[in-house]
$ cat query-v9.txt   # compact mmCIF, C-alpha atoms and all ligand atoms
# COMPACT_ATOMS: atom_id res chain seq x y z
CA MET I 1 54.35 54.09 171.81
CA GLU I 2 57.70 52.85 173.07
CA TYR I 3 59.56 54.61 175.87
CA VAL I 4 63.06 54.12 177.25
CA VAL I 5 63.27 55.49 180.78
CA THR I 6 66.78 55.72 182.24
CA GLY I 7 66.79 55.92 186.03
CA GLY I 8 63.34 54.28 185.92
CA ALA I 9 63.99 52.46 189.20
CA GLY I 10 64.48 55.77 191.04
CA TYR I 11 62.04 58.10 192.76
CA ILE I 12 60.75 60.17 189.81
CA GLY I 13 61.47 57.45 187.25
CA GLY I 14 59.43 54.85 189.13
CA HIS I 15 56.38 57.13 189.23
CA LEU I 16 56.80 57.99 185.55
CA VAL I 17 57.09 54.34 184.51
CA ASP I 18 53.88 53.58 186.44
CA ARG I 19 52.10 56.48 184.71
CA LEU I 20 53.27 55.43 181.22
CA ILE I 21 52.33 51.79 181.74
CA GLU I 22 48.90 52.73 183.16
CA SER I 23 48.26 54.66 179.95
CA GLY I 24 49.09 51.60 177.82
CA GLN I 25 52.61 52.51 176.68
CA GLY I 26 55.50 50.05 176.30
CA VAL I 27 58.38 50.90 178.64
CA THR I 28 61.99 49.75 178.81
CA VAL I 29 63.80 50.79 181.97
CA ILE I 30 67.58 51.13 182.07
CA ASP I 31 69.01 51.52 185.56
CA ASP I 32 72.11 50.31 187.41
CA LEU I 33 70.19 50.17 190.72
CA SER I 34 72.91 52.30 192.36
CA THR I 35 70.29 54.21 194.38
CA GLY I 36 66.96 53.16 192.85
CA SER I 37 65.24 49.86 193.65
CA TYR I 38 61.69 50.19 192.29
CA ILE I 39 60.88 47.85 189.41
CA ASN I 40 57.47 47.95 187.73
CA LYS I 41 56.91 44.31 186.76
CA ARG I 42 55.08 45.33 183.59
CA SER I 43 58.16 47.14 182.27
CA ARG I 44 61.10 45.55 180.50
CA PHE I 45 64.03 46.05 182.88
CA ILE I 46 67.66 46.21 181.78
CA LYS I 47 70.32 46.57 184.43
CA PHE I 48 73.08 48.67 182.90
CA ASP I 49 75.50 51.32 184.11
CA LEU I 50 75.21 54.23 181.68
CA ARG I 51 78.68 55.47 182.54
CA LYS I 52 79.87 52.66 180.28
CA ASP I 53 79.44 52.52 176.54
CA GLY I 54 78.87 49.27 174.64
CA PHE I 55 75.11 48.97 175.25
CA ASP I 56 73.86 46.53 172.62
CA GLU I 57 70.24 45.68 173.48
CA ASP I 58 67.55 46.33 170.87
CA LEU I 59 65.40 49.28 171.98
CA GLY I 60 62.77 48.98 169.27
CA LYS I 61 61.75 51.40 166.56
CA ASN I 62 61.91 55.15 167.23
CA PRO I 63 61.48 55.06 171.03
CA THR I 64 61.12 58.22 173.08
CA PHE I 65 63.98 58.50 175.59
CA ILE I 66 63.34 59.98 179.01
CA HIS I 67 66.73 60.41 180.65
CA LEU I 68 66.46 60.61 184.43
CA ALA I 69 69.50 58.59 185.52
CA ALA I 70 71.87 60.80 187.52
CA ASP I 71 73.16 61.34 191.02
CA PRO I 72 70.72 63.96 192.39
CA ASP I 73 72.66 64.70 195.61
CA VAL I 74 73.66 68.38 195.28
CA GLN I 75 75.81 68.52 198.42
CA ASN I 76 77.67 65.35 197.52
CA SER I 77 78.52 66.83 194.11
CA MET I 78 80.75 69.34 195.94
CA LEU I 79 82.77 66.50 197.46
CA ASP I 80 82.73 63.75 194.89
CA ILE I 81 83.16 65.80 191.72
CA ASN I 82 84.47 63.14 189.32
CA SER I 83 81.88 60.60 190.35
CA HIS I 84 79.14 63.17 189.69
CA TYR I 85 80.68 64.08 186.36
CA GLU I 86 80.47 60.45 185.26
CA ARG I 87 76.89 59.93 186.45
CA ASP I 88 75.60 63.29 185.21
CA VAL I 89 77.66 64.06 182.08
CA THR I 90 79.30 60.84 180.78
CA ALA I 91 76.05 58.91 181.32
CA THR I 92 74.09 61.63 179.48
CA LEU I 93 76.46 61.53 176.50
CA ASN I 94 76.26 57.73 176.35
CA THR I 95 72.46 57.85 176.54
CA LEU I 96 72.34 60.40 173.71
CA GLU I 97 74.48 58.06 171.58
CA MET I 98 72.05 55.23 172.33
CA ALA I 99 69.15 57.49 171.31
CA ARG I 100 70.88 58.47 168.08
CA LYS I 101 71.54 54.84 167.18
CA ALA I 102 67.92 53.91 167.99
CA ASP I 103 66.58 56.77 165.79
CA ALA I 104 64.82 58.17 168.83
CA LYS I 105 61.57 60.01 168.21
CA MET I 106 62.27 62.35 171.11
CA PHE I 107 64.76 62.89 173.94
CA VAL I 108 63.59 64.27 177.29
CA PHE I 109 66.29 65.36 179.74
CA ALA I 110 65.73 65.83 183.47
CA SER I 111 67.55 69.04 184.26
CA SER I 112 67.16 71.17 187.35
CA ALA I 113 66.55 74.63 188.80
CA THR I 114 70.17 74.45 190.00
CA VAL I 115 71.31 75.56 186.52
CA TYR I 116 70.32 79.12 187.53
CA GLY I 117 72.73 79.36 190.48
CA ASN I 118 71.86 82.16 192.90
CA ALA I 119 69.48 83.75 190.42
CA LYS I 120 69.03 87.50 190.81
CA LYS I 121 65.69 87.33 189.04
CA LEU I 122 62.87 85.51 190.91
CA PRO I 123 60.72 83.88 189.66
CA THR I 124 63.41 82.85 187.18
CA PRO I 125 62.44 82.48 183.49
CA GLU I 126 64.02 79.96 181.11
CA ASP I 127 66.15 82.58 179.34
CA TYR I 128 67.91 83.65 182.55
CA ASP I 129 71.59 82.70 182.40
CA ASP I 130 74.00 82.58 185.31
CA VAL I 131 76.81 80.41 186.63
CA PRO I 132 75.59 77.48 188.77
CA ILE I 133 76.87 77.32 192.36
CA SER I 134 77.17 73.52 192.55
CA TYR I 135 78.89 70.93 190.38
CA TYR I 136 75.50 69.25 190.14
CA GLY I 137 74.01 72.41 188.57
CA LEU I 138 77.05 72.86 186.35
CA PHE I 139 76.84 69.27 185.08
CA LYS I 140 73.09 69.64 184.41
CA LYS I 141 73.95 72.71 182.35
CA VAL I 142 76.56 70.73 180.41
CA GLY I 143 73.99 67.93 179.97
CA GLU I 144 71.52 70.40 178.48
CA ARG I 145 74.09 71.57 175.94
CA LEU I 146 74.84 67.96 174.97
CA VAL I 147 71.13 67.37 174.42
CA GLU I 148 70.88 70.56 172.35
CA TYR I 149 73.93 69.46 170.29
CA TYR I 150 72.34 66.10 169.48
CA SER I 151 69.03 67.74 168.68
CA ARG I 152 70.50 70.32 166.32
CA ASN I 153 73.08 68.05 164.65
CA TYR I 154 71.11 64.81 164.43
CA GLY I 155 67.57 66.18 164.17
CA ILE I 156 66.31 64.56 167.38
CA LYS I 157 63.34 66.40 168.87
CA ALA I 158 64.47 67.18 172.42
CA VAL I 159 63.51 69.01 175.57
CA SER I 160 65.30 69.85 178.82
CA LEU I 161 63.03 70.09 181.85
CA ARG I 162 64.25 72.21 184.76
CA PHE I 163 62.51 70.79 187.80
CA ALA I 164 61.96 72.68 191.04
CA ASN I 165 62.05 70.43 194.14
CA ILE I 166 59.83 67.43 193.58
CA THR I 167 58.10 65.86 196.56
CA GLY I 168 55.51 63.27 197.53
CA GLY I 169 54.83 59.61 196.82
CA ARG I 170 57.82 57.35 197.29
CA VAL I 171 60.26 60.23 197.85
CA THR I 172 63.68 59.07 199.09
CA HIS I 173 65.70 62.25 199.35
CA ASN I 174 64.62 65.77 200.20
CA VAL I 175 63.75 67.90 203.22
CA VAL I 176 60.47 66.05 203.88
CA TYR I 177 62.14 62.66 203.71
CA LYS I 178 65.03 63.77 205.95
CA PHE I 179 62.75 65.32 208.58
CA ALA I 180 60.49 62.24 208.55
CA GLU I 181 63.47 59.91 209.00
CA MET I 182 64.67 61.96 212.00
CA MET I 183 61.17 61.91 213.51
CA LYS I 184 60.94 58.14 213.07
CA LYS I 185 64.27 57.77 214.90
CA ASN I 186 63.01 60.09 217.63
CA LYS I 187 65.77 62.59 216.88
CA PRO I 188 65.45 66.39 216.66
CA ILE I 189 65.00 67.58 213.11
CA GLU I 190 68.18 69.24 211.90
CA VAL I 191 67.64 72.66 210.32
CA TRP I 192 70.39 74.26 208.27
CA GLY I 193 71.00 77.84 209.35
CA ASP I 194 68.08 80.09 210.27
CA GLY I 195 65.50 78.09 208.28
CA ASN I 196 64.62 81.12 206.15
CA GLN I 197 65.92 79.55 202.94
CA ARG I 198 63.01 79.51 200.54
CA LYS I 199 62.15 77.22 197.63
CA SER I 200 59.36 76.03 195.38
CA TYR I 201 57.98 72.46 195.56
CA VAL I 202 55.93 70.44 193.08
CA TYR I 203 53.89 67.39 194.05
CA ILE I 204 54.91 64.26 192.15
CA SER I 205 51.53 63.80 190.39
CA ASP I 206 51.69 67.41 189.15
CA LEU I 207 55.15 66.70 187.72
CA MET I 208 53.77 63.61 185.97
CA ASP I 209 51.02 65.77 184.40
CA ALA I 210 53.66 68.25 183.17
CA VAL I 211 55.86 65.54 181.64
CA THR I 212 52.80 63.93 179.99
CA ILE I 213 51.91 67.24 178.31
CA LEU I 214 55.48 67.77 177.08
CA ILE I 215 55.99 64.28 175.64
CA GLY I 216 52.64 64.46 173.84
CA ARG I 217 53.41 67.83 172.27
CA ASP I 218 53.71 68.23 168.55
CA SER I 219 57.01 70.07 168.20
CA ILE I 220 60.32 70.11 166.41
CA GLY I 221 63.88 71.02 167.43
CA TYR I 222 65.08 71.72 170.96
CA ASP I 223 63.39 73.52 173.85
CA THR I 224 63.63 74.09 177.60
CA PHE I 225 60.85 74.32 180.19
CA ASN I 226 60.76 75.21 183.88
CA ILE I 227 58.49 73.03 185.99
CA GLY I 228 57.83 74.85 189.24
CA ASN I 229 55.00 76.02 191.45
CA ASP I 230 53.21 79.38 191.74
CA ASP I 231 54.61 79.88 195.22
CA TRP I 232 57.63 79.08 197.39
CA ILE I 233 58.06 78.40 201.08
CA THR I 234 60.76 78.55 203.76
CA VAL I 235 62.05 75.64 205.81
CA ASN I 236 60.48 77.30 208.87
CA GLU I 237 57.10 77.20 207.10
CA ILE I 238 57.71 73.53 206.28
CA ILE I 239 58.23 72.91 210.01
CA GLY I 240 54.91 74.71 210.66
CA ILE I 241 53.20 72.26 208.27
CA LEU I 242 54.86 69.35 210.07
CA ARG I 243 53.69 70.77 213.43
CA ARG I 244 50.07 70.87 212.25
CA ARG I 245 50.28 67.37 210.80
CA ILE I 246 51.73 65.71 213.91
CA GLY I 247 49.69 67.87 216.30
CA GLY I 248 52.72 69.00 218.32
CA GLU I 249 56.01 70.84 218.24
CA PRO I 250 58.79 68.77 216.61
CA GLN I 251 62.13 68.94 218.42
CA ARG I 252 64.54 71.01 216.39
CA SER I 253 68.31 71.57 216.30
CA THR I 254 70.31 74.06 214.24
CA ILE I 255 73.21 73.05 212.01
CA GLU I 256 75.42 75.99 211.11
CA THR I 257 75.89 75.69 207.36
CA ASP I 258 77.97 77.47 204.77
CA PHE I 259 75.46 77.39 201.90
CA ALA I 260 78.08 78.32 199.28
CA LYS I 261 80.30 75.43 200.39
CA ILE I 262 77.53 72.85 200.07
CA GLY I 263 76.34 74.35 196.77
CA ASP I 264 72.83 74.98 198.06
CA GLN I 265 70.71 77.82 196.66
CA ARG I 266 69.12 79.80 199.48
CA GLU I 267 66.31 80.83 197.17
CA MET I 268 64.72 79.00 194.25
CA PHE I 269 61.52 80.03 192.50
CA LEU I 270 60.86 79.29 188.83
CA ASP I 271 58.73 81.17 186.34
CA ALA I 272 56.59 78.37 184.89
CA SER I 273 54.46 80.54 182.59
CA LYS I 274 55.88 78.84 179.47
CA ILE I 275 54.58 75.35 180.32
CA LYS I 276 51.34 76.85 181.65
CA LYS I 277 50.64 78.17 178.16
CA LEU I 278 50.51 74.49 177.09
CA GLY I 279 47.72 73.86 179.62
CA TRP I 280 49.63 72.67 182.70
CA LYS I 281 48.45 73.89 186.07
CA PRO I 282 49.73 72.38 189.33
CA LYS I 283 46.85 71.09 191.47
CA TYR I 284 48.77 71.62 194.70
CA THR I 285 50.64 74.64 196.06
CA SER I 286 54.12 74.21 197.54
CA GLY I 287 52.61 74.04 201.05
CA GLU I 288 49.98 71.48 200.01
CA ALA I 289 52.65 69.41 198.24
CA ILE I 290 54.76 69.38 201.41
CA ASP I 291 51.76 68.50 203.59
CA LEU I 292 50.69 65.62 201.31
CA SER I 293 54.27 64.48 201.16
CA PHE I 294 54.55 64.31 204.97
CA GLY I 295 51.38 62.20 204.83
CA ASP I 296 53.00 59.90 202.26
CA VAL I 297 56.14 59.31 204.33
CA LEU I 298 54.77 59.51 207.90
CA GLY I 299 51.29 58.01 207.47
CA ASN I 300 48.93 58.82 210.34
CA TRP I 301 51.60 60.06 212.76
CA LYS I 302 50.34 61.24 216.13
N1 LIG V 401 63.99 64.83 192.96
C1 LIG V 401 64.05 66.11 192.63
O1 LIG V 401 63.53 66.99 193.36
C2 LIG V 401 64.76 66.55 191.39
C3 LIG V 401 64.85 67.93 191.14
C4 LIG V 401 65.51 68.36 189.97
C5 LIG V 401 66.02 67.43 189.07
N2 LIG V 401 65.94 66.08 189.37
C6 LIG V 401 66.51 65.13 188.41
O2 LIG V 401 65.53 64.15 188.09
C7 LIG V 401 66.16 62.90 187.84
C8 LIG V 401 65.56 61.82 188.73
O3 LIG V 401 65.79 62.19 190.09
P1 LIG V 401 65.30 61.30 191.30
O4 LIG V 401 64.96 62.24 192.39
O5 LIG V 401 64.29 60.33 190.84
O6 LIG V 401 66.67 60.55 191.67
P2 LIG V 401 66.91 59.01 192.08
O7 LIG V 401 68.28 58.95 192.67
O8 LIG V 401 65.77 58.51 192.90
O9 LIG V 401 66.89 58.28 190.68
C9 LIG V 401 68.00 58.22 189.83
C10 LIG V 401 68.07 56.81 189.26
O10 LIG V 401 69.17 56.75 188.35
C11 LIG V 401 69.88 55.53 188.55
N3 LIG V 401 71.25 55.74 188.10
C12 LIG V 401 72.17 56.60 188.60
N4 LIG V 401 73.32 56.52 187.91
C13 LIG V 401 73.12 55.60 186.93
C14 LIG V 401 73.94 55.08 185.89
N5 LIG V 401 75.21 55.47 185.74
N6 LIG V 401 73.42 54.13 185.07
C15 LIG V 401 72.13 53.70 185.22
N7 LIG V 401 71.33 54.16 186.19
C16 LIG V 401 71.80 55.11 187.03
C17 LIG V 401 69.75 55.25 190.04
O11 LIG V 401 69.92 53.88 190.38
C18 LIG V 401 68.32 55.72 190.31
O12 LIG V 401 67.38 54.68 190.15
C19 LIG V 401 67.65 63.12 188.06
O13 LIG V 401 68.25 63.40 186.82
C20 LIG V 401 67.69 64.35 188.95
O14 LIG V 401 68.90 65.04 188.82
C21 LIG V 401 65.32 65.63 190.50

$ encode --input "query-v9.txt" --output "structure tokens"
Amino acid sequence: MEYVVTGGAGYIGGHLVDRLIESGQGVTVIDDLSTGSYINKRSRFIKFDLRKDGFDEDLGKNPTFIHLAADPDVQNSMLDINSHYERDVTATLNTLEMARKADAKMFVFASSATVYGNAKKLPTPEDYDDVPISYYGLFKKVGERLVEYYSRNYGIKAVSLRFANITGGRVTHNVVYKFAEMMKKNKPIEVWGDGNQRKSYVYISDLMDAVTILIGRDSIGYDTFNIGNDDWITVNEIIGILRRRIGGEPQRSTIETDFAKIGDQREMFLDASKIKKLGWKPKYTSGEAIDLSFGDVLGNWK
């Protein structure tokens, strides 16, 4: 099978490309290397900025597109709105056009739990609808509708995947990465607000298992799936995990934060029963995912 992975040099994309190649698939990566830098040497790599149209490389016969390229920085989306629009919406539209022209077998879109805004229903099921609280979430929601449009009007089998927070492996941006970077620089870890904000985390290998199930599924039309864990944990609990791992109390400082202004959900917990019916079960809880992830980024820290 042939796969086109946009954003395949990034955190999630790099792991997915490795997984696909290990299972004998042919993979073309399209990435502009704006934040990503990982290149699997067994993939075909095309450097291209998807904000532009005019892509003219041959992508083979009926490839499956996995569209991960985006700017995943939620807080930055509140400041740099137009830049995010281009990376999250314009790039998605251009990628859909490429998929249409290549007679894509399937289109997989990396969406996000941020589409639910400050959901009043937790865990949040796929049919919950609310206004996102960040431009990032809003643009993911627009991206999903673009994908649905192409699926319904051009007959491309498609799926939008709403990820919880993904952690572990070569992670380059999340709470674990940020805390680890501060520890390495011998700085106090900066905690936003009271640390009681609470979210669900999925270990990277569990995400890979979920994506593998969904791309192998015999289906038609368009669908959406949450990919989240059975539990959720606070930032204070994450610091407890860090404490046990390093065998001491990390220095801590408080940053007063207006969560609405930075577009950050204080609570995020997804109902993943729909994908579980297809046989997916995360091997690691949120706490275990965070602990493993600290191990991945800190090594044997003592
Ligand atoms: N990491 C998470 O916890 C998480 C959670 C929810 C959703 N997502 C989504 O999953 C996807 C992958 O996220 P990630 O964490 O791997 O991010 P990442 O920043 O590590 O990877 C994104 C990749 O896209 C590339 N890229 C960005 N703009 C591009 C453009 N215009 N043209 C070509 N390439 C471009 C970057 O160079 C990078 O390699 C994103 O769509 C993100 O929004 C991630």

$ atom_distance --input "query-v9.txt" --atom1 "CA of Arg252 in chain I" --atom2 "atom N1 of ligand LIG 401 (chain V)"
24.2 Å

$ residues_around --input "query-v9.txt" --residues "range 290-293 of chain I" --least-positions-apart "5" --cutoff "9 Å" --atoms "all atoms listed in the file" --output "PyMOL selection string"
chain I and resi 167-171+176-177+201-203+238+241-242+245+285+298

$ write_last_selection --input "query-v9.txt" --atoms "C-alpha atoms" --output "compact mmCIF listing (two decimals), in the frame of the given file"
# COMPACT_ATOMS: atom_id res chain seq x y z
CA THR I 167 58.10 65.86 196.56
CA GLY I 168 55.51 63.27 197.53
CA GLY I 169 54.83 59.61 196.82
CA ARG I 170 57.82 57.35 197.29
CA VAL I 171 60.26 60.23 197.85
CA VAL I 176 60.47 66.05 203.88
CA TYR I 177 62.14 62.66 203.71
CA TYR I 201 57.98 72.46 195.56
CA VAL I 202 55.93 70.44 193.08
CA TYR I 203 53.89 67.39 194.05
CA ILE I 238 57.71 73.53 206.28
CA ILE I 241 53.20 72.26 208.27
CA LEU I 242 54.86 69.35 210.07
CA ARG I 245 50.28 67.37 210.80
CA THR I 285 50.64 74.64 196.06
CA LEU I 298 54.77 59.51 207.90

$ closest_atom_pairs --input "query-v9.txt" --of "chain I" --to "ligand LIG 401 (chain V)" --cutoff "6 Å" --atoms "all atoms listed in the file" --output "Markdown table"
| residue | atom | partner | partner_atom | distance |
| --- | --- | --- | --- | --- |
| I:Gly7 | CA | V:LIG401 | O10 | 3.4 |
| I:Gly8 | CA | V:LIG401 | O12 | 5.9 |
| I:Ala9 | CA | V:LIG401 | O12 | 4.2 |
| I:Gly10 | CA | V:LIG401 | O12 | 3.2 |
| I:Tyr11 | CA | V:LIG401 | O5 | 3.7 |
| I:Ile12 | CA | V:LIG401 | O5 | 3.7 |
| I:Gly13 | CA | V:LIG401 | O5 | 5.4 |
| I:Asp31 | CA | V:LIG401 | N7 | 3.6 |
| I:Asp32 | CA | V:LIG401 | C15 | 4.0 |
| I:Leu33 | CA | V:LIG401 | O11 | 3.7 |
| I:Ser34 | CA | V:LIG401 | O11 | 3.9 |
| I:Thr35 | CA | V:LIG401 | O11 | 4.0 |
| I:Gly36 | CA | V:LIG401 | O12 | 3.1 |
| I:Phe48 | CA | V:LIG401 | C15 | 5.6 |
| I:Asp49 | CA | V:LIG401 | N6 | 3.6 |
| I:Leu50 | CA | V:LIG401 | N6 | 3.8 |
| I:Arg51 | CA | V:LIG401 | N5 | 4.7 |
| I:Leu68 | CA | V:LIG401 | O13 | 4.1 |
| I:Ala69 | CA | V:LIG401 | O10 | 3.4 |
| I:Ala70 | CA | V:LIG401 | C12 | 4.3 |
| I:Asp71 | CA | V:LIG401 | C12 | 5.4 |
| I:Pro72 | CA | V:LIG401 | O14 | 4.2 |
| I:Arg87 | CA | V:LIG401 | N5 | 4.8 |
| I:Ala91 | CA | V:LIG401 | N5 | 5.7 |
| I:Ala110 | CA | V:LIG401 | O13 | 4.8 |
| I:Ser111 | CA | V:LIG401 | C5 | 5.3 |
| I:Ser112 | CA | V:LIG401 | C4 | 4.2 |
| I:Phe163 | CA | V:LIG401 | C4 | 4.4 |
| I:Ala164 | CA | V:LIG401 | C3 | 5.6 |
| I:Asn165 | CA | V:LIG401 | O1 | 3.8 |
| I:Ile166 | CA | V:LIG401 | O1 | 3.7 |

$ residues_around --input "query-v9.txt" --residues "range 118-127 of chain I" --least-positions-apart "3" --cutoff "6 Å" --atoms "all atoms listed in the file" --output "NGL selection string"
:I and (265 or 269-271)

$ atom_distance --input "query-v9.txt" --atom1 "CA of Val142 in chain I" --atom2 "CA of Leu79 in chain I"
18.6 Å

$ closest_residue --input "query-v9.txt" --among "I:Asn82, I:Asn76, I:Ser43, I:Gln251" --to "Lys185 in chain I" --atoms "only C-alpha atoms"
I:Gln251

$ atom_distance --input "query-v9.txt" --atom1 "CA of Pro188 in chain I" --atom2 "CA of Ile133 in chain I"
29.0 Å

$ build_atoms --input "query-v9.txt" --residues "range 223-239 of chain I" --atoms "N, CA and C atoms" --output "tab-separated table (two decimals), in the coordinates of the input"
chain	number	residue	atom	x	y	z
I	223	ASP	N	64.03	72.51	173.01
I	223	ASP	CA	63.39	73.52	173.85
I	223	ASP	C	63.69	73.25	175.32
I	224	THR	N	63.47	74.26	176.14
I	224	THR	CA	63.63	74.09	177.60
I	224	THR	C	62.36	74.59	178.30
I	225	PHE	N	62.02	73.92	179.41
I	225	PHE	CA	60.85	74.32	180.19
I	225	PHE	C	61.17	74.26	181.68
I	226	ASN	N	60.77	75.28	182.41
I	226	ASN	CA	60.76	75.21	183.88
I	226	ASN	C	59.52	74.45	184.32
I	227	ILE	N	59.66	73.64	185.36
I	227	ILE	CA	58.49	73.03	185.99
I	227	ILE	C	58.55	73.37	187.48
I	228	GLY	N	57.80	74.39	187.85
I	228	GLY	CA	57.83	74.85	189.24
I	228	GLY	C	56.47	75.35	189.64
I	229	ASN	N	56.30	75.62	190.93
I	229	ASN	CA	55.00	76.02	191.45
I	229	ASN	C	54.79	77.54	191.42
I	230	ASP	N	53.55	77.94	191.74
I	230	ASP	CA	53.21	79.38	191.74
I	230	ASP	C	53.72	80.07	193.00
I	231	ASP	N	54.18	79.29	193.95
I	231	ASP	CA	54.61	79.88	195.22
I	231	ASP	C	55.87	79.18	195.71
I	232	TRP	N	56.42	79.68	196.81
I	232	TRP	CA	57.63	79.08	197.39
I	232	TRP	C	57.55	79.24	198.88
I	233	ILE	N	58.19	78.33	199.62
I	233	ILE	CA	58.06	78.40	201.08
I	233	ILE	C	59.40	78.17	201.76
I	234	THR	N	59.50	78.69	202.99
I	234	THR	CA	60.76	78.55	203.76
I	234	THR	C	60.76	77.22	204.51
I	235	VAL	N	61.94	76.85	204.98
I	235	VAL	CA	62.05	75.64	205.81
I	235	VAL	C	61.26	75.83	207.10
I	236	ASN	N	61.28	77.06	207.65
I	236	ASN	CA	60.48	77.30	208.87
I	236	ASN	C	58.99	77.07	208.60
I	237	GLU	N	58.52	77.46	207.43
I	237	GLU	CA	57.10	77.20	207.10
I	237	GLU	C	56.85	75.70	206.94
I	238	ILE	N	57.85	74.99	206.41
I	238	ILE	CA	57.71	73.53	206.28
I	238	ILE	C	57.58	72.90	207.68
I	239	ILE	N	58.33	73.44	208.64
I	239	ILE	CA	58.23	72.91	210.01
I	239	ILE	C	56.84	73.22	210.60
